[in-house]
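Everything below belongs to final.txt, which stores compact mmCIF, C-alpha atoms.
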# COMPACT_ATOMS: atom_id res chain seq x y z
CA MET A 1 -109.59 -70.15 59.64
CA VAL A 2 -106.72 -67.74 59.56
CA ASP A 3 -107.92 -66.48 56.17
CA ALA A 4 -111.38 -65.78 57.50
CA GLY A 5 -109.87 -63.74 60.30
CA ASN A 6 -107.83 -61.77 57.83
CA LEU A 7 -110.88 -60.96 55.76
CA GLN A 8 -112.71 -59.57 58.74
CA GLN A 9 -109.75 -57.62 60.01
CA PRO A 10 -107.59 -56.29 57.22
CA LEU A 11 -105.53 -54.57 59.90
CA GLN A 12 -104.14 -57.92 61.04
CA ARG A 13 -100.60 -58.25 59.87
CA LYS A 14 -97.57 -60.19 60.88
CA PRO A 15 -95.95 -58.80 64.00
CA SER A 16 -92.43 -57.73 63.21
CA ALA A 17 -89.50 -55.90 64.69
CA GLU A 18 -88.91 -54.01 61.45
CA THR A 19 -90.06 -50.49 60.84
CA PHE A 20 -90.67 -48.68 57.57
CA LEU A 21 -90.48 -45.14 58.86
CA PRO A 22 -86.98 -43.95 59.83
CA LEU A 23 -86.39 -44.17 63.58
CA SER A 24 -84.16 -41.10 63.60
CA ARG A 25 -86.90 -38.94 62.14
CA VAL A 26 -89.44 -40.20 64.63
CA ARG A 27 -86.96 -39.42 67.42
CA THR A 28 -86.65 -35.84 66.16
CA ILE A 29 -90.43 -35.52 66.11
CA MET A 30 -90.72 -36.90 69.64
CA LYS A 31 -88.02 -34.53 70.88
CA SER A 32 -89.84 -31.55 69.44
CA SER A 33 -92.53 -32.07 72.04
CA MET A 34 -91.82 -30.11 75.20
CA ASP A 35 -90.01 -31.83 78.09
CA THR A 36 -89.79 -35.24 76.54
CA GLY A 37 -87.23 -36.98 78.69
CA LEU A 38 -84.91 -39.75 77.62
CA ILE A 39 -86.21 -41.82 74.71
CA THR A 40 -85.29 -45.48 74.99
CA ASN A 41 -84.86 -47.60 71.88
CA GLU A 42 -87.87 -49.63 72.85
CA VAL A 43 -90.12 -46.57 73.17
CA LEU A 44 -88.78 -45.22 69.88
CA PHE A 45 -89.58 -48.51 68.17
CA LEU A 46 -93.08 -48.57 69.62
CA MET A 47 -93.83 -44.99 68.61
CA THR A 48 -92.62 -45.63 65.07
CA LYS A 49 -94.82 -48.71 64.75
CA CYS A 50 -97.68 -46.79 66.25
CA THR A 51 -97.31 -43.96 63.73
CA GLU A 52 -97.26 -46.48 60.89
CA LEU A 53 -100.48 -48.01 62.19
CA PHE A 54 -101.99 -44.55 62.37
CA VAL A 55 -101.15 -43.76 58.75
CA GLN A 56 -102.80 -46.98 57.63
CA HIS A 57 -105.77 -46.49 59.91
CA LEU A 58 -106.35 -43.00 58.55
CA ALA A 59 -106.02 -44.12 54.94
CA ARG A 60 -108.33 -47.10 55.41
CA GLU A 61 -111.01 -45.18 57.27
CA ALA A 62 -110.96 -42.29 54.82
CA TYR A 63 -111.08 -44.71 51.92
CA THR A 64 -114.33 -46.24 53.12
CA ALA A 65 -115.88 -42.81 52.58
CA THR A 66 -115.03 -42.90 48.88
CA GLY A 67 -117.13 -44.93 46.50
CA SER A 68 -115.09 -48.03 45.73
CA GLY A 69 -112.59 -47.47 42.96
CA GLU A 70 -112.61 -43.75 43.49
CA THR A 71 -109.54 -41.68 44.28
CA LEU A 72 -108.87 -40.92 47.94
CA LYS A 73 -109.04 -37.15 48.14
CA TYR A 74 -108.35 -34.51 50.74
CA GLU A 75 -112.09 -34.01 51.25
CA HIS A 76 -112.52 -37.60 52.41
CA LEU A 77 -109.89 -37.02 55.07
CA SER A 78 -111.26 -33.74 56.33
CA GLN A 79 -114.74 -35.26 56.53
CA LEU A 80 -113.38 -38.18 58.53
CA VAL A 81 -111.50 -35.87 60.90
CA ASN A 82 -114.62 -33.80 61.35
CA LYS A 83 -116.81 -36.69 62.43
CA SER A 84 -114.34 -38.80 64.46
CA LYS A 85 -114.02 -38.07 68.15
CA ASN A 86 -110.53 -39.53 68.42
CA LEU A 87 -109.25 -37.43 65.50
CA GLU A 88 -110.27 -34.16 67.12
CA PHE A 89 -106.63 -33.20 67.56
CA LEU A 90 -106.34 -32.98 63.75
CA LEU A 91 -109.13 -30.44 63.24
CA GLN A 92 -106.68 -27.59 62.68
CA ILE A 93 -104.26 -29.74 60.70
CA VAL A 94 -106.79 -31.10 58.21
CA PRO A 95 -109.48 -28.40 58.13
CA GLU A 96 -112.47 -28.59 55.85
CA LYS A 97 -111.97 -26.55 52.75
CA ILE A 98 -114.31 -23.71 51.92
CA ARG A 99 -114.69 -21.72 48.73
CA VAL A 100 -113.32 -18.22 48.47
CA HIS A 101 -116.78 -16.71 48.05
CA GLU A 102 -117.99 -18.65 51.12
CA PHE A 103 -115.08 -17.23 53.09
CA GLN A 104 -115.84 -13.72 51.84
CA GLU A 105 -119.45 -14.20 52.88
CA MET A 106 -118.28 -15.26 56.36
CA LEU A 107 -116.03 -12.21 56.59
CA ARG A 108 -118.89 -9.94 55.51
CA LEU A 109 -121.23 -11.41 58.13
CA ASN A 110 -118.55 -11.08 60.80
CA ARG A 111 -118.04 -7.45 59.91
CA ALA A 112 -121.74 -6.76 59.94
CA ASN A 113 -122.04 -8.34 63.37
CA GLY A 114 -119.01 -6.63 64.79
CA SER A 115 -119.60 -3.20 63.22
CA ASP A 116 -120.03 -1.50 66.61
CA ASP A 117 -116.96 -3.24 68.02
CA ASP A 118 -114.80 -0.15 67.76
CA ASP A 119 -114.76 0.48 71.50
CA ASP A 120 -112.65 -2.15 73.17
CA ASP A 121 -114.41 -1.60 76.49
CA ASP A 122 -117.72 -2.82 75.16
CA GLU A 123 -116.30 -5.89 73.51
CA SER A 124 -117.75 -8.47 75.88
CA ASP A 125 -121.10 -6.71 75.83
CA SER A 126 -121.38 -6.56 72.08
CA GLU A 127 -120.23 -10.16 71.86
CA SER A 128 -123.04 -11.39 74.07
CA GLU A 129 -125.44 -9.25 72.06
CA SER A 130 -124.37 -10.79 68.80
CA ASP A 131 -124.64 -14.22 70.40
CA ALA A 132 -128.19 -13.42 71.36
CA ASP A 133 -128.84 -12.24 67.82
CA ALA A 134 -127.56 -15.49 66.44
CA GLU A 135 -129.94 -17.46 68.58
CA MET B 136 -83.31 -29.67 68.48
CA VAL B 137 -85.41 -29.02 65.43
CA GLU B 138 -83.70 -26.54 63.17
CA ARG B 139 -86.08 -26.52 60.25
CA ILE B 140 -89.75 -27.29 60.21
CA GLU B 141 -89.15 -29.82 57.42
CA ASP B 142 -87.24 -31.90 59.94
CA LEU B 143 -90.61 -32.91 61.32
CA ASN B 144 -91.87 -34.29 58.01
CA LEU B 145 -92.00 -38.01 57.46
CA PRO B 146 -90.57 -39.32 54.19
CA ASN B 147 -93.12 -39.17 51.42
CA ALA B 148 -92.15 -42.42 49.75
CA VAL B 149 -92.65 -44.43 52.94
CA ILE B 150 -95.99 -42.77 53.65
CA ALA B 151 -97.12 -43.51 50.09
CA ARG B 152 -96.16 -47.15 50.51
CA LEU B 153 -97.98 -47.50 53.84
CA ILE B 154 -101.13 -45.94 52.38
CA LYS B 155 -100.98 -48.21 49.34
CA GLU B 156 -100.80 -51.24 51.60
CA ALA B 157 -103.86 -50.11 53.54
CA ILE B 158 -106.28 -49.53 50.67
CA PRO B 159 -107.41 -51.95 47.94
CA ASP B 160 -105.10 -52.61 45.00
CA GLY B 161 -105.42 -50.22 42.11
CA SER B 162 -106.98 -47.36 44.08
CA ASN B 163 -105.51 -43.91 43.78
CA VAL B 164 -104.62 -41.31 46.35
CA SER B 165 -104.47 -37.62 45.50
CA LYS B 166 -101.24 -35.78 46.21
CA GLU B 167 -103.05 -33.48 48.58
CA ALA B 168 -104.53 -36.38 50.55
CA ARG B 169 -101.11 -38.00 50.87
CA ALA B 170 -99.55 -34.78 52.14
CA ALA B 171 -102.36 -34.37 54.67
CA ILE B 172 -101.90 -37.92 55.96
CA ALA B 173 -98.14 -37.38 56.31
CA LYS B 174 -98.69 -34.18 58.26
CA ALA B 175 -101.35 -35.83 60.41
CA ALA B 176 -98.92 -38.66 61.23
CA SER B 177 -96.28 -36.24 62.52
CA VAL B 178 -98.86 -34.47 64.64
CA PHE B 179 -100.13 -37.80 65.92
CA ALA B 180 -96.63 -38.78 67.07
CA ILE B 181 -96.22 -35.46 68.89
CA PHE B 182 -99.67 -35.78 70.42
CA VAL B 183 -99.07 -39.31 71.73
CA THR B 184 -95.58 -38.39 72.96
CA SER B 185 -96.75 -35.42 74.96
CA SER B 186 -99.72 -37.34 76.38
CA SER B 187 -97.46 -40.23 77.39
CA THR B 188 -94.97 -37.83 78.92
CA ALA B 189 -97.75 -36.26 80.97
CA LEU B 190 -98.84 -39.72 82.09
CA ALA B 191 -95.29 -40.66 83.11
CA HIS B 192 -94.86 -37.43 85.03
CA LYS B 193 -98.11 -38.05 86.87
CA GLN B 194 -96.54 -41.24 88.18
CA ASN B 195 -93.35 -39.37 89.04
CA HIS B 196 -91.40 -41.01 86.23
CA ARG B 197 -89.06 -38.92 84.12
CA THR B 198 -88.84 -41.33 81.21
CA ILE B 199 -91.76 -42.70 79.23
CA THR B 200 -92.09 -46.46 79.00
CA ALA B 201 -93.77 -48.70 76.46
CA LYS B 202 -96.53 -49.23 78.99
CA ASP B 203 -97.18 -45.47 79.19
CA ILE B 204 -97.64 -45.34 75.43
CA LEU B 205 -100.04 -48.27 75.34
CA GLN B 206 -102.07 -46.83 78.18
CA THR B 207 -102.15 -43.44 76.47
CA LEU B 208 -103.45 -45.03 73.28
CA ASN B 209 -106.27 -46.58 75.28
CA GLU B 210 -107.13 -43.22 76.78
CA LEU B 211 -107.05 -41.46 73.42
CA ASP B 212 -109.50 -43.95 71.88
CA PHE B 213 -106.92 -45.77 69.79
CA GLU B 214 -107.27 -49.01 71.70
CA SER B 215 -107.57 -50.86 68.38
CA PHE B 216 -103.80 -50.34 67.91
CA VAL B 217 -102.83 -51.93 71.20
CA PRO B 218 -103.07 -55.67 70.34
CA SER B 219 -100.89 -55.36 67.21
CA LEU B 220 -98.41 -53.14 68.99
CA THR B 221 -98.15 -55.54 71.91
CA GLN B 222 -97.26 -58.32 69.49
CA ASP B 223 -94.70 -56.15 67.72
CA LEU B 224 -93.18 -55.29 71.05
CA GLU B 225 -92.82 -58.96 71.97
CA VAL B 226 -91.00 -59.66 68.71
CA TYR B 227 -88.81 -56.61 69.23
CA ARG B 228 -87.88 -57.59 72.78
CA LYS B 229 -86.99 -61.09 71.67
CA MET B 230 -84.82 -59.72 68.87
CA VAL B 231 -82.94 -57.45 71.28
CA LYS B 232 -82.42 -60.36 73.67
CA ASP B 233 -81.15 -62.64 70.90
CA LYS B 234 -78.77 -59.97 69.69
CA LYS B 235 -77.36 -59.55 73.17
CA GLU B 236 -76.87 -63.29 73.56
CA SER B 237 -75.16 -63.72 70.22
CA LYS B 238 -72.89 -60.82 71.07
CA ALA B 239 -71.95 -62.51 74.35
CA ASN B 240 -71.25 -65.73 72.45
CA ASN B 241 -69.04 -63.91 69.97
CA LYS B 242 -67.01 -62.46 72.78
CA LYS B 243 -66.46 -65.93 74.20
CA ASP B 244 -65.31 -67.16 70.78
CA VAL B 245 -62.80 -64.36 70.52
CA SER B 246 -61.28 -65.04 73.92
CA THR B 247 -60.89 -68.80 73.28
CA GLY B 248 -59.65 -68.29 69.74
CA ASP B 249 -56.86 -65.95 70.73
CA ALA B 250 -54.15 -67.98 69.13
CA VAL B 251 -55.97 -68.08 65.82
CA ALA B 252 -56.67 -64.36 65.96
CA SER B 253 -53.02 -63.47 66.55
CA SER B 254 -51.81 -65.73 63.74
CA THR B 255 -54.28 -64.20 61.28
CA SER B 256 -53.31 -60.70 62.32
CA ALA B 257 -49.68 -61.63 61.76
CA ALA B 258 -50.60 -62.88 58.33
CA ALA B 259 -52.46 -59.66 57.65
CA ALA B 260 -49.41 -57.68 58.75
CA THR B 261 -47.14 -59.48 56.31
CA GLU B 262 -49.68 -58.97 53.56
CA ASN B 263 -49.75 -55.28 54.31
CA GLY B 264 -46.00 -55.21 54.18
CA ASP B 265 -46.06 -56.83 50.75
CA ALA B 266 -48.56 -54.31 49.51
CA GLU B 267 -46.34 -51.44 50.53
Could the structure of this file be written out as structure tokens, please?
Amino acid sequence: MVDAGNLQQPLQRKPSAETFLPLSRVRTIMKSSMDTGLITNEVLFLMTKCTELFVQHLAREAYTATGSGETLKYEHLSQLVNKSKNLEFLLQIVPEKIRVHEFQEMLRLNRANGSDDDDDDDESDSESESDADAE
Amino acid sequence: MVERIEDLNLPNAVIARLIKEAIPDGSNVSKEARAAIAKAASVFAIFVTSSSTALAHKQNHRTITAKDILQTLNELDFESFVPSLTQDLEVYRKMVKDKKESKANNKKDVSTGDAVASSTSAAAATENGDAE
């Protein structure tokens, strides 16, 4: 019975009071956030566990996007981040890669659209114009 | 405070081990993917911390509690983490309690075994004297 449960939910693991990630490092990370108050040992433990779960969650979810036996690559992660609502906060951290010539194309298009952007006064006007053009 | 940006990185070896545990045996992870996961984990910790802090402040608390974190996870759509974390927390609280109790017991032992303690320290003193 227990085995069947484990098969369905690979996330199930033995609860434990041990952490793999170093508590001191997690404390530093927590403190880097603005106005974090006192960090109790219990909260530090919980956050460390939570971060460990997150690492495994991310790896497991991204891995399902690979064909089985394939290598887990950056692209699998960025795709996952792009389509998951709860990973929205990572969009700028794990952006989708684009090719240099695609980027150059984007730049060229931007320049073409914004060619009459020289006057700062008209900026909002020209922006709405280019929006209209796009539609 | 944070002096170098690297101080926010999580150790690579531990991250690699956690990833390996999560995916099937024998599968590979590219270096780039591992680095991205490590970075994402740091950002996740900051994100959850600041959200929990905001939640605590809303309730006029200055310090975040375990409850704040669990509630934040629910709000951020990571409710799947909560059951495991609740179990971990129970084990952790029990461990802390046991440690406290055994410490209290040790103290009692020391106070009753005063005579023994003084005789051993005397013995230690003579040993030290011999060594010198």
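Considering only C-alpha atoms, the residue among B:Thr200, B:Gln206, B:Asn240, B:Thr221 positioned nearest to A:Asn41 is B:Thr200.
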Worksheet item: In file coordinates, which residues lie within 12 Å of (-92.9, -44.6, 50.5) using all atoms listed in the file, given as number ranges by chain?
Response: A: 20-22, 52, 55; B: 145-156, 169-170, 173
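The coordinates place atom CA of B:Asp223 at 9.9 Å from atom CA of A:Cys50.
Among A:Ile29, A:Val100, A:Leu46, A:Ile93, the residue with the shortest atom-to-atom distance to B:Asp142, counting all atoms listed in the file, is A:Ile29.
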Item to complete: Find the residues around A:Thr71 up to 10 Å (all atoms listed in the file counted), leave out those fewer than 5 positions away in its own chain, and share them as a list of chain:residue names.
Response: A:Tyr63, A:Thr66, A:His76, B:Gly161, B:Ser162, B:Asn163, B:Val164, B:Ser165, B:Ala168
Taking all atoms listed in the file into account, produce a table as CSV in which each residue of chain A with an atom at most 8 Å from an atom of chain B appears once, together with its shortest atom pair and the distance in Å to one decimal, ordered by chain and rising number.
residue,atom,partner,partner_atom,distance
A:Leu11,CA,B:Ala157,CA,7.9
A:Gln12,CA,B:Ser219,CA,7.4
A:Arg13,CA,B:Ser219,CA,7.9
A:Pro15,CA,B:Asp223,CA,4.7
A:Ser16,CA,B:Asp223,CA,5.3
A:Ala17,CA,B:Tyr227,CA,4.6
A:Phe20,CA,B:Val149,CA,6.6
A:Leu21,CA,B:Val149,CA,6.3
A:Arg25,CA,B:Leu145,CA,7.0
A:Val26,CA,B:Ala180,CA,7.7
A:Thr28,CA,B:Leu143,CA,6.9
A:Ile29,CA,B:Leu143,CA,5.5
A:Met30,CA,B:Ile181,CA,5.7
A:Lys31,CA,B:Met136,CA,7.2
A:Ser32,CA,B:Val137,CA,6.5
A:Ser33,CA,B:Ile181,CA,5.9
A:Met34,CA,B:Ser185,CA,7.2
A:Asp35,CA,B:Thr188,CA,7.8
A:Thr36,CA,B:Thr188,CA,6.3
A:Gly37,CA,B:Thr198,CA,5.3
A:Leu38,CA,B:Thr198,CA,5.6
A:Ile39,CA,B:Thr198,CA,7.0
A:Thr40,CA,B:Thr200,CA,8.0
A:Glu42,CA,B:Ala201,CA,7.0
A:Val43,CA,B:Ala201,CA,5.4
A:Leu46,CA,B:Leu224,CA,6.9
A:Met47,CA,B:Ala180,CA,7.0
A:Lys49,CA,B:Leu220,CA,7.1
A:Cys50,CA,B:Leu220,CA,7.0
A:Thr51,CA,B:Ala176,CA,6.1
A:Glu52,CA,B:Leu153,CA,7.2
A:Leu53,CA,B:Phe216,CA,7.0
A:Phe54,CA,B:Ala176,CA,6.7
A:Val55,CA,B:Ala176,CA,6.1
A:Gln56,CA,B:Ala157,CA,5.3
A:His57,CA,B:Ala157,CA,7.6
A:Leu58,CA,B:Ile172,CA,7.2
A:Ala59,CA,B:Ile154,CA,5.8
A:Arg60,CA,B:Ala157,CA,5.7
A:Tyr63,CA,B:Ile158,CA,6.9
A:Gly69,CA,B:Ser162,CA,5.7
A:Glu70,CA,B:Ser162,CA,6.7
A:Thr71,CA,B:Asn163,CA,4.6
A:Leu72,CA,B:Val164,CA,4.6
A:Lys73,CA,B:Ala168,CA,5.2
A:Tyr74,CA,B:Ala168,CA,4.3
A:Glu75,CA,B:Ala168,CA,8.0
A:Leu77,CA,B:Ala168,CA,7.0
A:Asn86,CA,B:Asp212,CA,5.7
A:Phe89,CA,B:Phe182,CA,8.0
A:Leu90,CA,B:Ala175,CA,6.6
A:Ile93,CA,B:Ala175,CA,6.8
A:Val94,CA,B:Ala171,CA,6.5
Take the residues that were just selected and, keeping C-alpha atoms, output them as a PDB file, in the coordinates of the input.
ATOM      1  CA  LEU A  11    -105.530 -54.570  59.900  1.00  0.00           C
ATOM      2  CA  GLN A  12    -104.140 -57.920  61.040  1.00  0.00           C
ATOM      3  CA  ARG A  13    -100.600 -58.250  59.870  1.00  0.00           C
ATOM      4  CA  PRO A  15     -95.950 -58.800  64.000  1.00  0.00           C
ATOM      5  CA  SER A  16     -92.430 -57.730  63.210  1.00  0.00           C
ATOM      6  CA  ALA A  17     -89.500 -55.900  64.690  1.00  0.00           C
ATOM      7  CA  PHE A  20     -90.670 -48.680  57.570  1.00  0.00           C
ATOM      8  CA  LEU A  21     -90.480 -45.140  58.860  1.00  0.00           C
ATOM      9  CA  ARG A  25     -86.900 -38.940  62.140  1.00  0.00           C
ATOM     10  CA  VAL A  26     -89.440 -40.200  64.630  1.00  0.00           C
ATOM     11  CA  THR A  28     -86.650 -35.840  66.160  1.00  0.00           C
ATOM     12  CA  ILE A  29     -90.430 -35.520  66.110  1.00  0.00           C
ATOM     13  CA  MET A  30     -90.720 -36.900  69.640  1.00  0.00           C
ATOM     14  CA  LYS A  31     -88.020 -34.530  70.880  1.00  0.00           C
ATOM     15  CA  SER A  32     -89.840 -31.550  69.440  1.00  0.00           C
ATOM     16  CA  SER A  33     -92.530 -32.070  72.040  1.00  0.00           C
ATOM     17  CA  MET A  34     -91.820 -30.110  75.200  1.00  0.00           C
ATOM     18  CA  ASP A  35     -90.010 -31.830  78.090  1.00  0.00           C
ATOM     19  CA  THR A  36     -89.790 -35.240  76.540  1.00  0.00           C
ATOM     20  CA  GLY A  37     -87.230 -36.980  78.690  1.00  0.00           C
ATOM     21  CA  LEU A  38     -84.910 -39.750  77.620  1.00  0.00           C
ATOM     22  CA  ILE A  39     -86.210 -41.820  74.710  1.00  0.00           C
ATOM     23  CA  THR A  40     -85.290 -45.480  74.990  1.00  0.00           C
ATOM     24  CA  GLU A  42     -87.870 -49.630  72.850  1.00  0.00           C
ATOM     25  CA  VAL A  43     -90.120 -46.570  73.170  1.00  0.00           C
ATOM     26  CA  LEU A  46     -93.080 -48.570  69.620  1.00  0.00           C
ATOM     27  CA  MET A  47     -93.830 -44.990  68.610  1.00  0.00           C
ATOM     28  CA  LYS A  49     -94.820 -48.710  64.750  1.00  0.00           C
ATOM     29  CA  CYS A  50     -97.680 -46.790  66.250  1.00  0.00           C
ATOM     30  CA  THR A  51     -97.310 -43.960  63.730  1.00  0.00           C
ATOM     31  CA  GLU A  52     -97.260 -46.480  60.890  1.00  0.00           C
ATOM     32  CA  LEU A  53    -100.480 -48.010  62.190  1.00  0.00           C
ATOM     33  CA  PHE A  54    -101.990 -44.550  62.370  1.00  0.00           C
ATOM     34  CA  VAL A  55    -101.150 -43.760  58.750  1.00  0.00           C
ATOM     35  CA  GLN A  56    -102.800 -46.980  57.630  1.00  0.00           C
ATOM     36  CA  HIS A  57    -105.770 -46.490  59.910  1.00  0.00           C
ATOM     37  CA  LEU A  58    -106.350 -43.000  58.550  1.00  0.00           C
ATOM     38  CA  ALA A  59    -106.020 -44.120  54.940  1.00  0.00           C
ATOM     39  CA  ARG A  60    -108.330 -47.100  55.410  1.00  0.00           C
ATOM     40  CA  TYR A  63    -111.080 -44.710  51.920  1.00  0.00           C
ATOM     41  CA  GLY A  69    -112.590 -47.470  42.960  1.00  0.00           C
ATOM     42  CA  GLU A  70    -112.610 -43.750  43.490  1.00  0.00           C
ATOM     43  CA  THR A  71    -109.540 -41.680  44.280  1.00  0.00           C
ATOM     44  CA  LEU A  72    -108.870 -40.920  47.940  1.00  0.00           C
ATOM     45  CA  LYS A  73    -109.040 -37.150  48.140  1.00  0.00           C
ATOM     46  CA  TYR A  74    -108.350 -34.510  50.740  1.00  0.00           C
ATOM     47  CA  GLU A  75    -112.090 -34.010  51.250  1.00  0.00           C
ATOM     48  CA  LEU A  77    -109.890 -37.020  55.070  1.00  0.00           C
ATOM     49  CA  ASN A  86    -110.530 -39.530  68.420  1.00  0.00           C
ATOM     50  CA  PHE A  89    -106.630 -33.200  67.560  1.00  0.00           C
ATOM     51  CA  LEU A  90    -106.340 -32.980  63.750  1.00  0.00           C
ATOM     52  CA  ILE A  93    -104.260 -29.740  60.700  1.00  0.00           C
ATOM     53  CA  VAL A  94    -106.790 -31.100  58.210  1.00  0.00           C
TER      54      VAL A  94
END
Worksheet item: Could you work out how far atom CA of A:Lys83 lies from atom CA of A:Glu105, giving the answer in Å with one decimal?
Response: 24.6 Å
Worksheet item: So what do you get for atom CA of A:Arg27 versus atom CA of B:Leu190, distance-wise?
Response: 18.9 Å
